[in-house]
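Student: Would you mind keeping the following structure in view while I ask a few things?
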Amino acid sequence: MLRYVIKRMITIPFLLLGVASVAFVLSQMTKGDPLAALLPERMMSNPEVVAAVKAEWGLDQPLPVRYGIYIGNLLQGDMGTSFTTRRPVAQDIAERLPATLELVIAAMIVGSSVGIGIGLLSARFKNSALDIGTRGFALLGSSVPIFWSGLIFLYIFTVRLDWAPGTGRLDARSTPPPDITGMYTIDALLSGQMTTFIEALSHLLLPALILGWTVTGIVARLVRSSLLDSLGQDYARTARAKGAPERVVLLNHALPNALIPVLTILGFTFAYLITGAVLTEAIFSWPGIGSYAVTASRSLDYPAIGGVTIVGATAFLLANLVTDIAYAWANPKIKVSQ
Amino acid sequence: MTAIPDIRVVPRWRRSRAVLSVLGQLPLTGKIGLAILVFWLLVLITISVLPLPDPLAMAGRRLQPPSIEFWLGTDALGRDVFSRTLWGAVYTIPIAFAVVLSAVAIGSFMGAIAGYSGRWADSVIMRAADVTLSFPPILLAMTVAATLGPGLSNAAVAMVIVWWPIYARLMRAQVLEVRTREHVEAAIAGGAGRMRVLRVHILPLCWTPTLINATMDFGQVALLAASLSFIGLGASPPTPEWGSMISEGATRFYSWWIAMGPGLAILSIVLATSFLGDGLRDIFDRRSRT
């Protein structure tokens with residue numbers, strides 16, 4: 001298993017290099033000269049700025065040298081300067097990443113726990129109305145355009161029912177908790193500010209529910225089918241024969257085994273969540289890297305989008321690696337041959 | 001000299017006599033999905049003769065809620081949302097179709113080469129696929145679309161770049177599996193050329209998973225196209241494209257009906273293709289039946 005993990009870890013730098021190379025090629029393809037990917041139009045007339053940027057990114061050098069410089073800059077964490085915020089992209093992203101992580105983690109918790117719950121219910125009451133209803137609910141979550149369901153939910157729960165607060169991470173006039181992790185709910189808890197915690201949590205709830213709903217279906221479908229599979233196994237039959245009630249068979253015998261395949265798709269759902277987070281953040285004015293990328297793409301701010309894309313791909317690759325390791329660790333049956 | 005028997009194997013979906021018999025085997029959800037898609041196709045074909053108000057012109061007072069006259073209300077410019085929603089099919093459906101078709105063509109071609117020739121072509125193509133699949137789809141599409149500039153056709157190119165590796169992997173796996181079957185060995189022993197073996201003996205058996213996946217992806221592509229337009233990288237106003245209509249609705253928050261039609265339209269297409277795809281998989285791909 002160790003060999004497998006090491007092997008997987010070796011491929012990651014190569015994939016990251018590939019990701020960076022794609023970002024480089026795209027930055028060279030922006031309309032006109034590559035300077036357009038580094039400098040906003042209004043700064044092009046300033047010869048000093050142009051000369052400085054040309055030197056930093058080696059634009060007077062031949063292509064292979066430029067590529068080397070690009071990768072070198074990336075390795076030092078330099079992703080260029082955003083056209084819109086006029087600050088280093090890396091700094092922008094570092095500031096906004098905790099908000100996205102908070103949202104994605106909350107959505108993952110919501111999505112997988114509701115998904116497991118639905119999977120349990122529909123496996124226990126197979127083909128009943130409950131089964132069909134919960135599966136329909138889960139399917140709806142993965143099919144609905146999130147930028148639309150977000151709007152509708154905001155309208156219903158905020159405008160009409162006034163159950164949920166508006167957009168953003170906190171009420172407009174509140175001050176954020178002291179910056180420890182950058183995740184408001186955790187920071188508020190760590191510094192003992194209960195009112196801020198509740199406020200942050202209530203702001204987090206609706207976007208996290210909507211984002212989590214998108215992966216509920218994937219999790220529920222998998223839990224249901226692997227539970228049904230486990231319930232038909234010999235050990236489940238033995239447990240029943242020894243007089244265990246069906247609830248015990250389901251929860252104590254079948255569920256632990258059925259959860260192993262769920263581990264494998266967590267990495268996969270992470271990709272869904274990143275995609276969904278981009279759109280959810282745009283709807284809920286959530287100041288994470290997703291809404292940053294959306295604002296950036298509306299103004300064709302190439303360095304900013306490129307930066308978010310590289311960070312997103314890195315996160316995605318790491319999530320997949322963690323998933324693989326967790327799977328290999330959780331399931332001793334797996335003989336990894338490659 | 002005895003005649004060499006025809007050892008070509010025809011896949012299930014071609015062997016089945018008529019398309020009708022396949023339709024008959026579809027589960028209820030599959031039939032519903034198919035009906036929804038047929039509905040949108042009919043809308044697409046007949047849209048110019050339907051008695052609908054001009055989707056780009058003012059039809060009544062601004063921001064009217066749904067009524068008998070305006071089934072889905074009017075938007076911020078007084079345009080009929082119902083008419084605009086139906087017109088949205090003209091943009092989304094052909095684009096999703098073109099993207100899926102191109103991704104299938106490019107991906108399958110690459111996958112077939114990778115699976116059949118092996119060696120360096122296999123490595124190069126599959127590593128390229130790995131790298132492409134390392135990106136979260138929407139971020140890659142956003143980067144490509146931002147590079148090429150906004151517009152529906154650029155968004156379509158971006159989506160083909162996002163989707164081809166999926167079909168390359170599918171086709172490669174199929175080719176690798178089919179090429180070891182006995183009828184292929186027999187064909188090679190019979191002296192058939194490499195290209196002929198691939199074309200006549202291997203490829204016809206490889207299309208089933210691709211077909212099922214393409215059906216399901218159609219809805220996902222439509223969804224991503226709308227997402228890109230929502231962000232501002234696809235269609236731009238005043239085009240009655242679903243994503244950009246929802247984006248207009250997002251700025252007129254209290255007039256919920258502006259986004260209702262396009263949202264339901266996208267949802268119907270995504271649900272329809274996943275129903276139909278599931279149904280087709282049940283019929284053609286009995287191994288993955290659960």
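Residue names in the structure tokens use chain letters A, B, ... in the order shown, residue numbers from 1 in each chain, and ligand numbers from 1 in the order shown.
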What residues in chain A have any atom no more than 9 Å from chain B when counting only C-alpha atoms, and can you write them as a ChimeraX atom specification?

Tutor: /A:14-19,22-23,26-31,37,139-140,143-149,151-152,154-155,159,225,270-272,274-276,278-279,282-283,293-295,297-302,305-306,308-310,312-314,316-317

Student: Would you kindly return, as a list in words, each protein, DNA or RNA residue with an atom no farther than 8 Å from any atom of Ala156 in chain B, considering only C-alpha atoms and excluding same-chain residues fewer than 4 positions away?

Tutor: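 Here the qualifying residues turn out to be Ile95, Ala96, Ala98, Val99, Leu152, Val160 and Ala225 of chain B.
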
Student: Could you take the residues named above and write them with N, CA and C atoms, as a short mmCIF file (atom, residue, chain, number, x, y, z; two decimals), in the first residue's frame?

Tutor:
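Below is the file result.cif, written as the result:
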```
data_model
loop_
_atom_site.label_atom_id
_atom_site.label_comp_id
_atom_site.auth_asym_id
_atom_site.auth_seq_id
_atom_site.Cartn_x
_atom_site.Cartn_y
_atom_site.Cartn_z
N ILE B 95 -26.19 23.85 -29.45
CA ILE B 95 -24.83 23.95 -28.91
C ILE B 95 -24.46 22.71 -28.13
N ALA B 96 -25.38 22.25 -27.27
CA ALA B 96 -25.09 21.04 -26.50
C ALA B 96 -24.86 19.88 -27.46
N ALA B 98 -23.77 20.01 -30.62
CA ALA B 98 -22.49 20.17 -31.31
C ALA B 98 -21.33 19.84 -30.38
N VAL B 99 -21.44 20.26 -29.12
CA VAL B 99 -20.34 20.01 -28.18
C VAL B 99 -20.20 18.51 -27.93
N LEU B 152 -20.92 32.53 -27.38
CA LEU B 152 -21.41 31.15 -27.30
C LEU B 152 -20.48 30.17 -28.01
N VAL B 160 -15.82 21.56 -25.37
CA VAL B 160 -15.25 20.39 -26.06
C VAL B 160 -13.91 20.03 -25.43
N ALA B 225 -23.16 25.03 -20.31
CA ALA B 225 -23.32 26.15 -21.24
C ALA B 225 -24.10 27.28 -20.58
#
```

Student: Quick check for you: according to DSSP on this backbone, which residues of range 22-271 of chain B are classed as alpha helix (DSSP H)? Reply as a ChimeraX atom specification.

Tutor: /B:22-25,28-46,81-117,119-133,137-148,152-178,182-189,194-196,207-231,242-251,257-271

Student: Of the candidates B:Val197, B:Ser102, B:Val221, B:Thr180, which shows the shortest atom-to-atom distance to Tyr167 in chain B, using only C-alpha atoms?

Tutor: B:Ser102

Student: Can you work out the spacing between CA of Val215 in chain A and CA of Met183 in chain A in Å, to one decimal?

Tutor: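 Separation of CA of Val215 in chain A and CA of Met183 in chain A: 22.0 Å.
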
Student: Identify, on the basis of only C-alpha atoms, every residue whose closest approach to range 113-126 of chain A does not exceed 8 Å; exclude the query and any residue fewer than 3 positions from it along the same chain; express the result as a tab-separated table (two decimals) with N, CA and C atoms, in the first residue's frame.

Tutor:
```
chain	number	residue	atom	x	y	z
A	109	ILE	N	-20.16	18.13	4.38
A	109	ILE	CA	-20.75	17.51	5.56
A	109	ILE	C	-22.26	17.34	5.35
A	110	VAL	N	-22.92	18.41	4.90
A	110	VAL	CA	-24.36	18.34	4.67
A	110	VAL	C	-24.66	17.28	3.60
A	130	LEU	N	-41.37	5.97	0.12
A	130	LEU	CA	-40.27	6.70	0.75
A	130	LEU	C	-39.00	6.59	-0.07
A	131	ASP	N	-38.72	5.37	-0.54
A	131	ASP	CA	-37.55	5.12	-1.38
A	131	ASP	C	-37.60	6.00	-2.62
A	132	ILE	N	-38.72	5.96	-3.32
A	132	ILE	CA	-38.84	6.71	-4.57
A	132	ILE	C	-38.77	8.21	-4.31
A	134	THR	N	-37.36	9.90	-1.69
A	134	THR	CA	-36.05	10.40	-1.29
A	134	THR	C	-35.07	10.35	-2.46
A	135	ARG	N	-35.20	9.31	-3.29
A	135	ARG	CA	-34.29	9.24	-4.44
A	135	ARG	C	-34.61	10.36	-5.43
A	138	ALA	N	-33.04	13.44	-4.14
A	138	ALA	CA	-31.59	13.43	-4.36
A	138	ALA	C	-31.26	13.70	-5.83
A	215	VAL	N	-24.54	17.12	-4.26
A	215	VAL	CA	-23.83	15.85	-4.19
A	215	VAL	C	-24.62	14.79	-3.42
A	216	THR	N	-25.74	15.20	-2.82
A	216	THR	CA	-26.57	14.25	-2.07
A	216	THR	C	-26.93	13.05	-2.93
A	217	GLY	N	-27.33	13.33	-4.17
A	217	GLY	CA	-27.79	12.27	-5.06
A	217	GLY	C	-26.72	11.23	-5.33
A	218	ILE	N	-25.50	11.72	-5.58
A	218	ILE	CA	-24.40	10.80	-5.90
A	218	ILE	C	-24.15	9.90	-4.70
A	219	VAL	N	-24.09	10.52	-3.49
A	219	VAL	CA	-23.81	9.74	-2.29
A	219	VAL	C	-24.96	8.76	-2.01
A	220	ALA	N	-26.20	9.26	-2.09
A	220	ALA	CA	-27.36	8.43	-1.76
A	220	ALA	C	-27.44	7.20	-2.67
A	221	ARG	N	-27.21	7.42	-3.96
A	221	ARG	CA	-27.31	6.32	-4.92
A	221	ARG	C	-26.30	5.23	-4.61
A	222	LEU	N	-25.08	5.67	-4.28
A	222	LEU	CA	-24.02	4.72	-3.99
A	222	LEU	C	-24.29	3.98	-2.68
A	223	VAL	N	-24.70	4.72	-1.63
A	223	VAL	CA	-24.96	4.09	-0.34
A	223	VAL	C	-26.09	3.07	-0.50
A	224	ARG	N	-27.14	3.45	-1.22
A	224	ARG	CA	-28.28	2.55	-1.41
A	224	ARG	C	-27.83	1.26	-2.07
A	225	SER	N	-27.10	1.37	-3.20
A	225	SER	CA	-26.77	0.15	-3.92
A	225	SER	C	-25.77	-0.69	-3.15
A	227	LEU	N	-25.47	-0.76	0.15
A	227	LEU	CA	-26.19	-1.35	1.29
A	227	LEU	C	-26.99	-2.57	0.85
A	228	LEU	N	-27.69	-2.42	-0.28
A	228	LEU	CA	-28.49	-3.54	-0.76
A	228	LEU	C	-27.58	-4.75	-1.05
A	250	LEU	N	-28.69	-3.57	9.60
A	250	LEU	CA	-28.45	-2.47	8.66
A	250	LEU	C	-27.35	-1.55	9.18
```

Student: Pick the closest to Gly290 in chain A from A:Ala55, A:Ala304, A:Leu75, A:Ile156: which is it, counting only C-alpha atoms?

Tutor: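 So, comparing all the options, the nearest one is A:Ala304.
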
Student: Could you give me, as a PyMOL selection string, the residues within 10 Å of Ile113 in chain B, counting only C-alpha atoms and dropping anything in the same chain fewer than 3 positions from it?

Tutor: chain B and resi 107-110+116-118+121-122+125+168+171-172+175+198

Student: Restricting it to N, CA and C atoms, dump the selection as a PDB file, in the first residue's frame.

Tutor:
```
ATOM      1  N   GLY B 107     -12.687  12.684 -28.870  1.00  0.00           N
ATOM      2  CA  GLY B 107     -12.314  11.778 -27.797  1.00  0.00           C
ATOM      3  C   GLY B 107     -12.229  10.331 -28.259  1.00  0.00           C
ATOM      4  N   SER B 108     -13.221   9.873 -29.030  1.00  0.00           N
ATOM      5  CA  SER B 108     -13.219   8.479 -29.469  1.00  0.00           C
ATOM      6  C   SER B 108     -12.046   8.205 -30.406  1.00  0.00           C
ATOM      7  N   PHE B 109     -11.778   9.168 -31.282  1.00  0.00           N
ATOM      8  CA  PHE B 109     -10.653   9.015 -32.199  1.00  0.00           C
ATOM      9  C   PHE B 109      -9.360   8.851 -31.409  1.00  0.00           C
ATOM     10  N   MET B 110      -9.151   9.758 -30.468  1.00  0.00           N
ATOM     11  CA  MET B 110      -7.942   9.709 -29.635  1.00  0.00           C
ATOM     12  C   MET B 110      -7.890   8.399 -28.837  1.00  0.00           C
ATOM     13  N   TYR B 116      -5.513   1.138 -29.389  1.00  0.00           N
ATOM     14  CA  TYR B 116      -5.158   0.166 -30.415  1.00  0.00           C
ATOM     15  C   TYR B 116      -3.664   0.166 -30.692  1.00  0.00           C
ATOM     16  N   SER B 117      -3.062   1.377 -30.759  1.00  0.00           N
ATOM     17  CA  SER B 117      -1.650   1.382 -31.128  1.00  0.00           C
ATOM     18  C   SER B 117      -0.761   1.200 -29.899  1.00  0.00           C
ATOM     19  N   GLY B 118      -1.251   1.614 -28.714  1.00  0.00           N
ATOM     20  CA  GLY B 118      -0.433   1.463 -27.528  1.00  0.00           C
ATOM     21  C   GLY B 118       0.809   2.316 -27.606  1.00  0.00           C
ATOM     22  N   ALA B 121       1.975   6.641 -28.443  1.00  0.00           N
ATOM     23  CA  ALA B 121       0.737   7.371 -28.732  1.00  0.00           C
ATOM     24  C   ALA B 121      -0.213   7.241 -27.544  1.00  0.00           C
ATOM     25  N   ASP B 122      -0.266   6.043 -26.982  1.00  0.00           N
ATOM     26  CA  ASP B 122      -1.097   5.787 -25.815  1.00  0.00           C
ATOM     27  C   ASP B 122      -0.683   6.703 -24.661  1.00  0.00           C
ATOM     28  N   ILE B 125      -1.412  10.539 -25.424  1.00  0.00           N
ATOM     29  CA  ILE B 125      -2.834  10.886 -25.408  1.00  0.00           C
ATOM     30  C   ILE B 125      -3.416  10.758 -24.007  1.00  0.00           C
ATOM     31  N   ALA B 168     -12.276   9.755 -24.590  1.00  0.00           N
ATOM     32  CA  ALA B 168     -11.016   9.084 -24.917  1.00  0.00           C
ATOM     33  C   ALA B 168     -10.807   7.905 -23.971  1.00  0.00           C
ATOM     34  N   MET B 171     -13.414   5.063 -24.776  1.00  0.00           N
ATOM     35  CA  MET B 171     -13.133   4.330 -26.010  1.00  0.00           C
ATOM     36  C   MET B 171     -11.885   3.478 -25.862  1.00  0.00           C
ATOM     37  N   ARG B 172     -10.875   4.025 -25.188  1.00  0.00           N
ATOM     38  CA  ARG B 172      -9.641   3.274 -25.006  1.00  0.00           C
ATOM     39  C   ARG B 172      -9.925   1.984 -24.230  1.00  0.00           C
ATOM     40  N   VAL B 175     -11.720  -0.476 -26.518  1.00  0.00           N
ATOM     41  CA  VAL B 175     -10.836  -1.049 -27.542  1.00  0.00           C
ATOM     42  C   VAL B 175      -9.903  -2.071 -26.910  1.00  0.00           C
ATOM     43  N   LEU B 198      -9.240  -2.779 -36.942  1.00  0.00           N
ATOM     44  CA  LEU B 198      -9.778  -1.751 -36.045  1.00  0.00           C
ATOM     45  C   LEU B 198     -11.164  -1.297 -36.500  1.00  0.00           C
TER      46      LEU B 198
END
```

Student: Residues within 6 Å of Arg84 in chain B, please, as a ChimeraX atom specification. Count only C-alpha atoms; anything in the same chain fewer than 3 positions from it doesn't count.

Tutor: /B:55,81,87,240

Student: Could you work out how far CA of Leu77 in chain B lies from CA of Gln64 in chain B, giving the answer in Å with one decimal?

Tutor: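 CA of Leu77 in chain B lies 10.3 Å from CA of Gln64 in chain B.
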
Student: Record the distance separating CA of Phe275 in chain B and CA of Ile32 in chain B, expressed in Å with one decimal.

Tutor: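 A separation of 7.6 Å between them.
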
Student: Could you check the closest approach to Thr323 in chain A for each of A:Ile186, A:Ile105, A:Leu170, A:Val5 and tell me which residue wins, using only C-alpha atoms?

Tutor: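 Under the stated criterion, the closest residue is A:Val5.
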
Student: Looking at B:Met216, B:Ala103, B:Leu63, B:Leu205, which one is nearest to Asp75 in chain B, with distances taken over only C-alpha atoms?

Tutor: B:Leu63

Student: Excluding Pro256 in chain A and residues on its chain fewer than 3 positions from it, collect all residues at most 12 Å away from it, counting only C-alpha atoms, and give them as an NGL selection string.

Tutor: :A and (116 or 120 or 223 or 226-227 or 230-231 or 248-253 or 259-263 or 330-331)

Student: Just write the chosen residues, all heavy atoms, as a tab-separated table (two decimals), in the first residue's frame.

Tutor:
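Writing done, so here's out38.tsv:
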```
chain	number	residue	atom	x	y	z
A	116	ILE	N	-26.13	9.87	3.00
A	116	ILE	CA	-26.08	8.58	3.70
A	116	ILE	C	-27.44	8.28	4.33
A	116	ILE	O	-27.94	7.15	4.26
A	116	ILE	CB	-24.96	8.59	4.76
A	116	ILE	CG1	-23.60	8.61	4.07
A	116	ILE	CG2	-25.05	7.37	5.66
A	116	ILE	CD1	-22.43	8.84	5.00
A	120	LEU	N	-29.69	5.10	3.45
A	120	LEU	CA	-30.15	4.16	4.47
A	120	LEU	C	-31.66	3.94	4.38
A	120	LEU	O	-32.14	2.81	4.35
A	120	LEU	CB	-29.82	4.70	5.86
A	120	LEU	CG	-28.46	4.34	6.46
A	120	LEU	CD1	-28.22	5.13	7.72
A	120	LEU	CD2	-28.42	2.84	6.76
A	223	VAL	N	-24.70	4.72	-1.63
A	223	VAL	CA	-24.96	4.09	-0.34
A	223	VAL	C	-26.09	3.07	-0.50
A	223	VAL	O	-26.00	1.95	0.00
A	223	VAL	CB	-25.34	5.15	0.73
A	223	VAL	CG1	-25.84	4.48	1.99
A	223	VAL	CG2	-24.14	6.02	1.05
A	226	SER	N	-24.81	-0.04	-2.42
A	226	SER	CA	-23.86	-0.89	-1.71
A	226	SER	C	-24.48	-1.47	-0.44
A	226	SER	O	-24.10	-2.56	-0.03
A	226	SER	CB	-22.53	-0.18	-1.46
A	226	SER	OG	-22.70	0.89	-0.60
A	227	LEU	N	-25.47	-0.76	0.15
A	227	LEU	CA	-26.19	-1.35	1.29
A	227	LEU	C	-26.99	-2.57	0.85
A	227	LEU	O	-26.95	-3.62	1.49
A	227	LEU	CB	-27.15	-0.32	1.90
A	227	LEU	CG	-26.61	0.58	3.01
A	227	LEU	CD1	-27.69	1.54	3.44
A	227	LEU	CD2	-26.13	-0.25	4.18
A	230	SER	N	-24.65	-5.32	0.51
A	230	SER	CA	-24.21	-5.87	1.79
A	230	SER	C	-25.31	-6.68	2.47
A	230	SER	O	-25.04	-7.72	3.07
A	230	SER	CB	-23.79	-4.75	2.73
A	230	SER	OG	-22.74	-4.01	2.18
A	231	LEU	N	-26.56	-6.19	2.36
A	231	LEU	CA	-27.66	-6.87	3.04
A	231	LEU	C	-27.90	-8.27	2.47
A	231	LEU	O	-28.50	-9.11	3.12
A	231	LEU	CB	-28.95	-6.04	2.92
A	231	LEU	CG	-29.01	-4.81	3.82
A	231	LEU	CD1	-30.26	-4.00	3.54
A	231	LEU	CD2	-28.95	-5.21	5.29
A	248	VAL	N	-30.42	-3.36	13.39
A	248	VAL	CA	-29.04	-3.64	13.82
A	248	VAL	C	-28.23	-4.19	12.65
A	248	VAL	O	-27.07	-3.81	12.44
A	248	VAL	CB	-29.05	-4.63	15.01
A	248	VAL	CG1	-27.64	-5.06	15.35
A	248	VAL	CG2	-29.72	-3.99	16.21
A	249	VAL	N	-28.85	-5.08	11.88
A	249	VAL	CA	-28.16	-5.63	10.71
A	249	VAL	C	-27.75	-4.49	9.79
A	249	VAL	O	-26.62	-4.42	9.30
A	249	VAL	CB	-29.06	-6.63	9.96
A	249	VAL	CG1	-28.36	-7.14	8.71
A	249	VAL	CG2	-29.44	-7.78	10.88
A	250	LEU	N	-28.69	-3.57	9.60
A	250	LEU	CA	-28.45	-2.47	8.66
A	250	LEU	C	-27.35	-1.55	9.18
A	250	LEU	O	-26.39	-1.25	8.47
A	250	LEU	CB	-29.76	-1.69	8.48
A	250	LEU	CG	-29.76	-0.64	7.37
A	250	LEU	CD1	-29.74	-1.32	6.02
A	250	LEU	CD2	-31.00	0.24	7.48
A	251	LEU	N	-27.49	-1.11	10.44
A	251	LEU	CA	-26.57	-0.09	10.94
A	251	LEU	C	-25.23	-0.66	11.38
A	251	LEU	O	-24.19	-0.07	11.14
A	251	LEU	CB	-27.22	0.67	12.12
A	251	LEU	CG	-28.42	1.54	11.73
A	251	LEU	CD1	-29.01	2.20	12.96
A	251	LEU	CD2	-28.02	2.59	10.71
A	252	ASN	N	-25.24	-1.81	12.04
A	252	ASN	CA	-23.99	-2.32	12.60
A	252	ASN	C	-23.24	-3.25	11.65
A	252	ASN	O	-22.02	-3.33	11.71
A	252	ASN	CB	-24.25	-3.08	13.91
A	252	ASN	CG	-24.80	-2.16	14.98
A	252	ASN	OD1	-25.09	-1.00	14.70
A	252	ASN	ND2	-24.94	-2.68	16.19
A	253	HIS	N	-23.96	-3.94	10.82
A	253	HIS	CA	-23.28	-4.92	9.97
A	253	HIS	C	-23.08	-4.41	8.55
A	253	HIS	O	-22.00	-4.50	8.00
A	253	HIS	CB	-24.06	-6.24	9.95
A	253	HIS	CG	-24.12	-6.90	11.29
A	253	HIS	ND1	-23.26	-7.90	11.66
A	253	HIS	CD2	-24.91	-6.68	12.36
A	253	HIS	CE1	-23.52	-8.28	12.90
A	253	HIS	NE2	-24.53	-7.55	13.36
A	259	LEU	N	-20.00	1.95	3.55
A	259	LEU	CA	-19.44	3.30	3.50
A	259	LEU	C	-18.09	3.35	2.79
A	259	LEU	O	-17.65	4.42	2.38
A	259	LEU	CB	-19.29	3.86	4.93
A	259	LEU	CG	-20.62	4.27	5.58
A	259	LEU	CD1	-20.36	4.89	6.93
A	259	LEU	CD2	-21.38	5.24	4.69
A	260	ILE	N	-17.46	2.20	2.64
A	260	ILE	CA	-16.14	2.21	1.99
A	260	ILE	C	-16.20	2.77	0.56
A	260	ILE	O	-15.43	3.66	0.21
A	260	ILE	CB	-15.48	0.81	2.05
A	260	ILE	CG1	-15.15	0.49	3.50
A	260	ILE	CG2	-14.22	0.79	1.21
A	260	ILE	CD1	-14.62	-0.91	3.72
A	261	PRO	N	-17.13	2.30	-0.26
A	261	PRO	CA	-17.20	2.90	-1.60
A	261	PRO	C	-17.51	4.39	-1.57
A	261	PRO	O	-17.11	5.11	-2.49
A	261	PRO	CB	-18.33	2.14	-2.31
A	261	PRO	CG	-18.77	1.08	-1.40
A	261	PRO	CD	-18.05	1.16	-0.13
A	262	VAL	N	-18.20	4.84	-0.52
A	262	VAL	CA	-18.50	6.28	-0.44
A	262	VAL	C	-17.21	7.08	-0.38
A	262	VAL	O	-17.10	8.16	-0.96
A	262	VAL	CB	-19.40	6.58	0.78
A	262	VAL	CG1	-19.60	8.07	0.94
A	262	VAL	CG2	-20.73	5.88	0.63
A	263	LEU	N	-16.21	6.52	0.31
A	263	LEU	CA	-14.91	7.20	0.38
A	263	LEU	C	-14.36	7.48	-1.01
A	263	LEU	O	-13.80	8.53	-1.27
A	263	LEU	CB	-13.91	6.32	1.13
A	263	LEU	CG	-13.84	6.46	2.64
A	263	LEU	CD1	-12.81	5.49	3.18
A	263	LEU	CD2	-13.47	7.87	3.02
A	330	ALA	N	-8.81	2.18	4.43
A	330	ALA	CA	-10.05	1.69	5.01
A	330	ALA	C	-10.37	0.27	4.57
A	330	ALA	O	-11.07	-0.45	5.26
A	330	ALA	CB	-11.20	2.62	4.64
A	331	ASN	N	-9.89	-0.11	3.44
A	331	ASN	CA	-10.28	-1.42	2.91
A	331	ASN	C	-9.07	-2.32	2.71
A	331	ASN	O	-8.40	-2.26	1.70
A	331	ASN	CB	-11.01	-1.23	1.58
A	331	ASN	CG	-11.65	-2.51	1.12
A	331	ASN	OD1	-11.43	-3.56	1.72
A	331	ASN	ND2	-12.43	-2.43	0.07
```

Student: Please identify all polymer residues within 7 Å of Arg169 in chain A, counting only C-alpha atoms, omitting same-chain residues fewer than 4 positions from it, and present them as a list in words.

Tutor: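 Those residues are Ala200, His203, Leu204 and Trp286 of chain A.
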
Student: Output N, CA, C and O atoms of each residue in that selection to a file, as a PDB file, in the first residue's frame.

Tutor:
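Output below, filename result-v4.pdb:
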```pdb
ATOM      1  N   ALA A 200     -22.671  33.769  11.793  1.00  0.00           N
ATOM      2  CA  ALA A 200     -21.899  33.205  10.682  1.00  0.00           C
ATOM      3  C   ALA A 200     -22.511  31.885  10.225  1.00  0.00           C
ATOM      4  O   ALA A 200     -22.624  31.601   9.032  1.00  0.00           O
ATOM      5  N   HIS A 203     -25.623  32.383   8.210  1.00  0.00           N
ATOM      6  CA  HIS A 203     -25.310  32.815   6.847  1.00  0.00           C
ATOM      7  C   HIS A 203     -24.784  31.658   6.000  1.00  0.00           C
ATOM      8  O   HIS A 203     -24.971  31.616   4.796  1.00  0.00           O
ATOM      9  N   LEU A 204     -24.080  30.749   6.679  1.00  0.00           N
ATOM     10  CA  LEU A 204     -23.469  29.623   5.968  1.00  0.00           C
ATOM     11  C   LEU A 204     -24.504  28.581   5.573  1.00  0.00           C
ATOM     12  O   LEU A 204     -24.359  27.882   4.563  1.00  0.00           O
ATOM     13  N   TRP A 286     -20.741  35.453  -1.777  1.00  0.00           N
ATOM     14  CA  TRP A 286     -19.840  34.828  -0.811  1.00  0.00           C
ATOM     15  C   TRP A 286     -18.413  35.167  -1.239  1.00  0.00           C
ATOM     16  O   TRP A 286     -18.009  34.798  -2.340  1.00  0.00           O
TER      17      TRP A 286
END
```

Student: Let me make sure I understand: among B:Gly234, B:Gly111, B:Pro204, B:Gly73, which one has the smallest atom-to-atom distance to Ala155 in chain B if we use only C-alpha atoms?

Tutor: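 The closest residue to Ala155 in chain B is B:Gly234.
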
Student: Point out the residue among A:Glu246, A:Asp324, A:Glu281, A:Glu199 with the least atom-to-atom distance to Leu97 in chain A, counting only C-alpha atoms.

Tutor: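 Smallest separation from Leu97 in chain A among the options: A:Glu281.
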